[in-house]
Amino acid sequence: MKWRSARRSSNVDDRRGGGGGGMKLGLGGVAIVVVIGLLMGKNPMELLGMVAQVQQQMPAGSSGPAQAPPVDDEASQFVAAILGETEDVWSAVFEASGSRYTPATLVLFSGQVQSACGGASAAVGPFYCPADKQVYIDLSFFEQMQRRLGGGGDFAEAYVIAHEVGHHVQTLTGISQKVNDVRRRGGNVEGADGPLVRQELQADCYAGLWAHHAQRRHAWLEAGDLEEALNTATAIGDDTLQRQSQGQVVPDSFTHGSAEQRVRWFRIGFESGDAGRCDTFAAARL
């Protein structure tokens, strides 16, 4: 992926090395909790709070804060380039509909971080906090994604970032509020046909839409890049994760969509480049 041609966003808040040394989980533990977090995504903030409480109860380690990486290292440059491209693409999409896109801030952290949605650990994977309109990513997740979850590669990492930015788009357009209203009324948001799955699949479609326009602007995809994203979408499908973790698939507890659905909606966005085609809430077939 020839990502270096993209504009770097100035909305990256690099907090790596700022006290993340308190992370208590080893690589194996991180991978397990990441899988659980992706699988139980019905309310990510609940899991964030639980992890934070556990960490607060554990004794502090003898080591100090993690050493900060060099300023403007390649990892942060990559994130800034992908975020910058999401800003340019979504600004154009919003402008075409007569509105204005307000970019999200992307926070890079190591180990743990405090968000407006609560304390967060690297173990929960990337997440978007609607309360502060920020995306949070510990870059060690990308290593885990490749080594433990069967996905990975630079375009797959870009897909993950674009998916989280898709949740920001949903916040700006009011979609997220509709799902939260269902939850607040006591309605069930889970299930293979539920609003939470529809919300996640729309974010996948938005990630595909971003990739469509970014490719037209830069022609930056190389052989195998698209397959990286599709393999990652397959690896984090609810059915794939449930089969790996519990040996059976329970559609009634789906929160993100099956592997086939995640791939399908990413493709819809990628092939059409049309936000109107991403209306998963009106779709008869997911």
# chains A, B, ... in the order shown; residues from 1 in each chain; ligands from 1
>>> residues_around(residues="A:Tyr206", least_positions_apart="2", cutoff="12 Å", atoms="only C-alpha atoms", output="NGL selection string")
:A and (86 or 89-90 or 93 or 159-170 or 199-204 or 208-213 or 262 or 265-280)
>>> closest_residue(among="A:Pro130, A:His218, A:Asp88, A:Arg285", to="A:Arg100", atoms="only C-alpha atoms")
A:Asp88
>>> closest_residue(among="A:Ala283, A:Val263, A:Ala80, A:Cys129", to="A:Thr232", atoms="only C-alpha atoms")
A:Val263
>>> residues_around(residues="stretch 189-196 of chain A", least_positions_apart="5", cutoff="7 Å", atoms="only C-alpha atoms", output="NGL selection string")
:A and (42 or 179 or 182-183 or 251-257)
>>> atom_distance(atom1="atom CA of A:Ala284", atom2="atom CA of A:Ile236")
23.0 Å
